[in-house]
Structures are given as structure tokens and as C-alpha cells.
$ cat start36.cif   # mmCIF, N, CA and C atoms
data_entry
#
loop_
_atom_site.label_atom_id
_atom_site.label_comp_id
_atom_site.auth_asym_id
_atom_site.auth_seq_id
_atom_site.Cartn_x
_atom_site.Cartn_y
_atom_site.Cartn_z
N MET A 1 97.59 119.32 76.84
CA MET A 1 96.83 118.26 77.45
C MET A 1 95.91 118.84 78.52
N ASN A 2 94.66 118.41 78.54
CA ASN A 2 93.71 118.84 79.56
C ASN A 2 93.87 117.96 80.79
N HIS A 3 94.25 118.57 81.91
CA HIS A 3 94.41 117.85 83.17
C HIS A 3 93.03 117.69 83.80
N ALA A 4 92.67 116.46 84.12
CA ALA A 4 91.36 116.18 84.72
C ALA A 4 91.55 115.28 85.93
N VAL A 5 90.56 115.30 86.81
CA VAL A 5 90.56 114.39 87.97
C VAL A 5 89.22 113.69 88.02
N GLY A 6 89.24 112.49 88.56
CA GLY A 6 88.01 111.72 88.72
C GLY A 6 88.01 110.99 90.04
N PHE A 7 86.82 110.77 90.57
CA PHE A 7 86.65 110.05 91.82
C PHE A 7 85.59 108.98 91.61
N ILE A 8 85.82 107.79 92.16
CA ILE A 8 84.81 106.73 92.19
C ILE A 8 84.59 106.37 93.65
N GLU A 9 83.33 106.21 94.02
CA GLU A 9 82.95 105.89 95.39
C GLU A 9 82.09 104.64 95.37
N ALA A 10 82.39 103.69 96.26
CA ALA A 10 81.61 102.45 96.36
C ALA A 10 81.61 101.99 97.81
N GLU A 11 80.79 100.99 98.09
CA GLU A 11 80.72 100.43 99.43
C GLU A 11 81.78 99.35 99.58
N GLY A 12 82.82 99.64 100.36
CA GLY A 12 83.86 98.67 100.65
C GLY A 12 85.07 98.78 99.75
N PHE A 13 86.17 98.18 100.22
CA PHE A 13 87.42 98.22 99.47
C PHE A 13 87.42 97.28 98.27
N VAL A 14 86.74 96.14 98.36
CA VAL A 14 86.80 95.15 97.28
C VAL A 14 86.33 95.73 95.95
N PRO A 15 85.15 96.36 95.87
CA PRO A 15 84.76 96.94 94.58
C PRO A 15 85.69 98.05 94.11
N VAL A 16 86.24 98.82 95.04
CA VAL A 16 87.15 99.90 94.66
C VAL A 16 88.46 99.31 94.13
N PHE A 17 88.97 98.26 94.77
CA PHE A 17 90.19 97.63 94.27
C PHE A 17 89.96 97.00 92.90
N ASP A 18 88.78 96.42 92.70
CA ASP A 18 88.47 95.86 91.38
C ASP A 18 88.40 96.98 90.34
N ALA A 19 87.84 98.12 90.73
CA ALA A 19 87.78 99.27 89.83
C ALA A 19 89.18 99.74 89.46
N VAL A 20 90.06 99.83 90.46
CA VAL A 20 91.43 100.27 90.21
C VAL A 20 92.13 99.31 89.26
N ASP A 21 91.98 98.02 89.50
CA ASP A 21 92.59 97.02 88.63
C ASP A 21 92.13 97.19 87.18
N ALA A 22 90.83 97.34 87.00
CA ALA A 22 90.28 97.50 85.65
C ALA A 22 90.74 98.80 85.00
N MET A 23 90.79 99.88 85.77
CA MET A 23 91.18 101.18 85.22
C MET A 23 92.62 101.18 84.74
N VAL A 24 93.53 100.63 85.55
CA VAL A 24 94.94 100.69 85.15
C VAL A 24 95.26 99.70 84.03
N LYS A 25 94.47 98.64 83.90
CA LYS A 25 94.67 97.71 82.80
C LYS A 25 94.14 98.27 81.48
N ALA A 26 93.10 99.10 81.57
CA ALA A 26 92.45 99.61 80.36
C ALA A 26 92.97 100.97 79.91
N THR A 27 93.57 101.74 80.81
CA THR A 27 93.98 103.11 80.49
C THR A 27 95.33 103.43 81.12
N SER A 28 95.82 104.62 80.84
CA SER A 28 97.06 105.07 81.46
C SER A 28 96.81 106.11 82.54
N VAL A 29 95.67 106.01 83.19
CA VAL A 29 95.32 106.94 84.25
C VAL A 29 96.26 106.73 85.45
N GLN A 30 96.49 107.80 86.22
CA GLN A 30 97.30 107.70 87.43
C GLN A 30 96.38 107.58 88.63
N VAL A 31 96.54 106.52 89.41
CA VAL A 31 95.76 106.32 90.63
C VAL A 31 96.53 106.97 91.77
N ASN A 32 95.85 107.85 92.49
CA ASN A 32 96.51 108.63 93.53
C ASN A 32 96.21 108.15 94.94
N GLY A 33 95.34 107.18 95.09
CA GLY A 33 95.07 106.63 96.41
C GLY A 33 93.61 106.41 96.68
N THR A 34 93.38 105.70 97.77
CA THR A 34 92.02 105.44 98.22
C THR A 34 91.84 106.04 99.61
N VAL A 35 90.58 106.23 99.97
CA VAL A 35 90.29 106.80 101.28
C VAL A 35 88.95 106.28 101.77
N ARG A 36 88.88 106.01 103.07
CA ARG A 36 87.60 105.66 103.71
C ARG A 36 86.83 106.95 103.96
N LEU A 37 85.58 106.95 103.54
CA LEU A 37 84.75 108.14 103.71
C LEU A 37 83.82 108.05 104.89
N GLY A 38 83.67 106.87 105.46
CA GLY A 38 82.73 106.66 106.55
C GLY A 38 81.50 105.94 106.05
N GLY A 39 80.81 105.29 106.93
CA GLY A 39 79.60 104.57 106.55
C GLY A 39 79.88 103.42 105.59
N GLY A 40 81.11 102.92 105.58
CA GLY A 40 81.46 101.83 104.69
C GLY A 40 81.85 102.26 103.29
N LEU A 41 81.80 103.56 103.01
CA LEU A 41 82.14 104.06 101.68
C LEU A 41 83.64 104.25 101.52
N VAL A 42 84.13 103.90 100.34
CA VAL A 42 85.54 104.05 100.00
C VAL A 42 85.60 104.75 98.66
N ALA A 43 86.57 105.66 98.51
CA ALA A 43 86.73 106.38 97.25
C ALA A 43 88.15 106.21 96.73
N VAL A 44 88.27 106.30 95.42
CA VAL A 44 89.57 106.29 94.76
C VAL A 44 89.66 107.53 93.89
N ALA A 45 90.84 108.13 93.85
CA ALA A 45 91.07 109.34 93.05
C ALA A 45 92.04 109.01 91.93
N VAL A 46 91.73 109.52 90.72
CA VAL A 46 92.58 109.31 89.56
C VAL A 46 92.80 110.64 88.85
N THR A 47 93.94 110.74 88.15
CA THR A 47 94.25 111.93 87.37
C THR A 47 94.79 111.52 86.01
N GLY A 48 94.71 112.46 85.08
CA GLY A 48 95.23 112.23 83.74
C GLY A 48 94.59 113.23 82.79
N ASP A 49 94.78 112.99 81.49
CA ASP A 49 94.10 113.86 80.54
C ASP A 49 92.62 113.51 80.55
N LEU A 50 91.79 114.43 80.10
CA LEU A 50 90.34 114.30 80.22
C LEU A 50 89.81 113.01 79.60
N ALA A 51 90.21 112.70 78.40
CA ALA A 51 89.69 111.49 77.74
C ALA A 51 90.07 110.24 78.51
N THR A 52 91.28 110.20 79.03
CA THR A 52 91.73 109.03 79.80
C THR A 52 90.96 108.89 81.10
N VAL A 53 90.75 109.99 81.80
CA VAL A 53 90.00 109.95 83.06
C VAL A 53 88.56 109.53 82.79
N GLU A 54 87.94 110.07 81.75
CA GLU A 54 86.57 109.68 81.42
C GLU A 54 86.47 108.19 81.15
N GLU A 55 87.39 107.66 80.35
CA GLU A 55 87.37 106.23 80.04
C GLU A 55 87.63 105.40 81.30
N ALA A 56 88.61 105.81 82.09
CA ALA A 56 88.96 105.06 83.29
C ALA A 56 87.79 105.01 84.27
N VAL A 57 87.13 106.12 84.48
CA VAL A 57 86.01 106.17 85.41
C VAL A 57 84.87 105.29 84.91
N GLU A 58 84.59 105.31 83.63
CA GLU A 58 83.55 104.45 83.08
C GLU A 58 83.88 102.97 83.30
N VAL A 59 85.11 102.59 82.98
CA VAL A 59 85.56 101.21 83.16
C VAL A 59 85.53 100.83 84.65
N GLY A 60 86.02 101.72 85.49
CA GLY A 60 86.06 101.46 86.93
C GLY A 60 84.68 101.32 87.55
N GLU A 61 83.75 102.17 87.13
CA GLU A 61 82.38 102.05 87.64
C GLU A 61 81.76 100.70 87.29
N MET A 62 81.92 100.29 86.04
CA MET A 62 81.36 99.00 85.62
C MET A 62 81.97 97.86 86.42
N ALA A 63 83.26 97.87 86.62
CA ALA A 63 83.93 96.82 87.37
C ALA A 63 83.45 96.79 88.82
N ALA A 64 83.33 97.94 89.45
CA ALA A 64 82.88 98.00 90.84
C ALA A 64 81.44 97.52 90.98
N ARG A 65 80.58 97.87 90.04
CA ARG A 65 79.18 97.42 90.09
C ARG A 65 79.07 95.91 89.95
N GLU A 66 79.90 95.33 89.07
CA GLU A 66 79.86 93.89 88.86
C GLU A 66 80.23 93.14 90.13
N VAL A 67 81.18 93.67 90.89
CA VAL A 67 81.62 93.01 92.11
C VAL A 67 80.65 93.24 93.25
N SER A 68 80.18 94.45 93.41
CA SER A 68 79.39 94.78 94.60
C SER A 68 77.89 94.64 94.42
N GLY A 69 77.41 94.91 93.22
CA GLY A 69 75.97 94.93 93.02
C GLY A 69 75.31 96.12 93.70
N ALA A 70 76.10 96.93 94.37
CA ALA A 70 75.58 98.10 95.08
C ALA A 70 75.79 99.35 94.24
N ARG A 71 75.30 100.45 94.75
CA ARG A 71 75.43 101.72 94.05
C ARG A 71 76.88 102.17 94.02
N VAL A 72 77.31 102.62 92.87
CA VAL A 72 78.65 103.17 92.67
C VAL A 72 78.45 104.57 92.10
N ARG A 73 79.15 105.53 92.66
CA ARG A 73 79.02 106.91 92.18
C ARG A 73 80.37 107.42 91.73
N SER A 74 80.32 108.40 90.84
CA SER A 74 81.57 108.99 90.36
C SER A 74 81.34 110.43 89.96
N ILE A 75 82.46 111.12 89.84
CA ILE A 75 82.42 112.49 89.33
C ILE A 75 83.76 112.77 88.65
N ILE A 76 83.69 113.55 87.59
CA ILE A 76 84.89 113.94 86.85
C ILE A 76 84.93 115.46 86.78
N PHE A 77 86.11 116.01 87.02
CA PHE A 77 86.33 117.44 86.89
C PHE A 77 87.28 117.65 85.73
N ALA A 78 86.79 118.25 84.65
CA ALA A 78 87.60 118.46 83.45
C ALA A 78 88.70 119.48 83.68
N SER A 79 88.42 120.47 84.47
CA SER A 79 89.39 121.51 84.78
C SER A 79 89.21 121.86 86.25
N PRO A 80 89.76 121.04 87.14
CA PRO A 80 89.46 121.19 88.56
C PRO A 80 90.04 122.45 89.18
N ALA A 81 89.30 122.99 90.14
CA ALA A 81 89.81 124.10 90.95
C ALA A 81 90.95 123.56 91.82
N GLY A 82 91.78 124.45 92.30
CA GLY A 82 92.94 124.07 93.10
C GLY A 82 92.65 123.11 94.24
N PRO A 83 91.64 123.38 95.08
CA PRO A 83 91.37 122.47 96.20
C PRO A 83 90.93 121.07 95.74
N VAL A 84 90.17 121.00 94.66
CA VAL A 84 89.74 119.69 94.14
C VAL A 84 90.94 118.93 93.59
N ALA A 85 91.80 119.60 92.86
CA ALA A 85 93.01 118.97 92.34
C ALA A 85 93.90 118.48 93.49
N ALA A 86 93.99 119.25 94.57
CA ALA A 86 94.79 118.85 95.73
C ALA A 86 94.22 117.59 96.37
N LEU A 87 92.90 117.51 96.47
CA LEU A 87 92.27 116.31 97.04
C LEU A 87 92.49 115.09 96.16
N ALA A 88 92.49 115.29 94.85
CA ALA A 88 92.74 114.18 93.94
C ALA A 88 94.17 113.69 94.05
N LEU A 89 95.11 114.59 94.24
CA LEU A 89 96.50 114.21 94.36
C LEU A 89 96.84 113.65 95.74
N HIS A 90 96.08 114.08 96.75
CA HIS A 90 96.33 113.67 98.14
C HIS A 90 95.01 113.29 98.81
N PRO A 91 94.36 112.19 98.41
CA PRO A 91 93.06 111.84 98.96
C PRO A 91 93.07 111.58 100.45
N GLU A 92 94.25 111.33 101.02
CA GLU A 92 94.33 111.11 102.47
C GLU A 92 93.90 112.36 103.25
N LEU A 93 93.86 113.53 102.60
CA LEU A 93 93.39 114.74 103.24
C LEU A 93 91.93 114.62 103.67
N LEU A 94 91.18 113.75 103.01
CA LEU A 94 89.78 113.54 103.37
C LEU A 94 89.62 112.63 104.57
N ASP A 95 90.63 111.85 104.87
CA ASP A 95 90.57 110.82 105.90
C ASP A 95 90.88 111.43 107.27
N SER A 96 89.88 112.10 107.83
CA SER A 96 90.12 112.69 109.14
C SER A 96 88.98 112.45 110.08
#

$ encode --input "start36.cif" --output "C-alpha cells"
Amino acid sequence: MNHAVGFIEAEGFVPVFDAVDAMVKATSVQVNGTVRLGGGLVAVAVTGDLATVEEAVEVGEMAAREVSGARVRSIIFASPAGPVAALALHPELLDS
């Protein structure tokens, strides 16, 4: 299995929570937490096999856009380096 990580970033918790709801209903991705990034931005980190993370991020982005109408960004790492994998598993490390 290819271990992958994905991050979705949006303005505010509401679109991110809607993204999380949609992702876990549509896929078997593991949600590892949310974090405030500053400037009103909130991110969520997910892990799983590559196909699942890709599908989850796509579904999550669409859900967040529908709620917020604002820009939603994401990134997927198919084979993340150690520090990126650590941030995905422990997103609270970004909250400082």
C-alpha cells in the first residue's frame, strides 16, 4: 500500500469541518486533526493509501468550496518525507 498524506486549507473552521464530514463519509481516509494557520486559515490533515487520499481531498475541497465560496487549497504527498509525514500525523506541531 502506498502511504500518502493530504492537506486541505480554507478560511474558517466551518468549511474545514464540512470537508472532513464529506471526506469520511465518502472514503476510508484517516483524519489526523485540524490546525489554525493564522489569518483565519484552518487546515486539516489526512492520511491513507494514495488513491483514498486523492479521492478524499477532491471530495473535501468541493464540500469546503460549496460552504465558503472562498478559495480552498490542497496538496497531496504520494510518498512524503519524514517531516511532512510527521506534520500530517501531528498537525498541532504547526500551531505555535

$ resolve_selection --input "start36.cif" --expression "the PyMOL selection byres (((chain A and resi 35 and name CA) around 9) and name CA)" --output "PyMOL selection string"
chain A and resi 33-34+36-37+41-45+91-95

$ residues_around --input "start36.cif" --residues "Val24 in chain A" --least-positions-apart "5" --cutoff "12 Å" --atoms "only C-alpha atoms" --output "ChimeraX atom specification"
/A:17-19,29-32,46-48,52-53,55-57,59-60,63

$ closest_residue --input "start36.cif" --among "A:Ala64, A:Ala26, A:Leu87, A:Ala51" --to "Val14 in chain A" --atoms "all atoms listed in the file"
A:Ala64

$ resolve_selection --input "start36.cif" --expression "the PyMOL selection byres (((chain A and resi 80 and name CA) around 12) and name CA)" --output "JSON, numbers by chain"
{"A": [2, 3, 4, 5, 6, 7, 47, 48, 49, 50, 75, 76, 77, 78, 79, 81, 82, 83, 84, 85, 86, 87, 88, 89]}

$ atom_distance --input "start36.cif" --atom1 "atom C of Met23 in chain A" --atom2 "CA of Gly38 in chain A"
24.6 Å

$ atom_distance --input "start36.cif" --atom1 "atom C of Glu61 in chain A" --atom2 "atom N of Ala22 in chain A"
9.7 Å

$ closest_residue --input "start36.cif" --among "A:Gly39, A:Asp21, A:Val16, A:Glu11" --to "Arg71 in chain A" --atoms "all atoms listed in the file"
A:Glu11

$ closest_residue --input "start36.cif" --among "A:Arg73, A:Ile8, A:Glu54, A:His90" --to "Val20 in chain A" --atoms "only C-alpha atoms"
A:Ile8

$ select_by_dssp --input "start36.cif" --residues "chain A" --states "strand (DSSP E or B)" --output "PyMOL selection string"
chain A and resi 3-11+30-38+41-49+73-77

$ select_by_dssp --input "start36.cif" --residues "chain A" --states "alpha helix (DSSP H)" --output "number ranges by chain"
A: 13-26, 50-68, 82-89

$ atom_distance --input "start36.cif" --atom1 "atom N of Glu9 in chain A" --atom2 "atom N of Met62 in chain A"
10.0 Å

$ axis_aligned_box --input "start36.cif" --around "range 16-23 of chain A" --padding-each-side "8 Å" --output "lines of an AutoDock Vina configuration file"
center_x = 89.4
center_y = 98.5
center_z = 89.9
size_x = 22.4
size_y = 21.3
size_z = 26.3
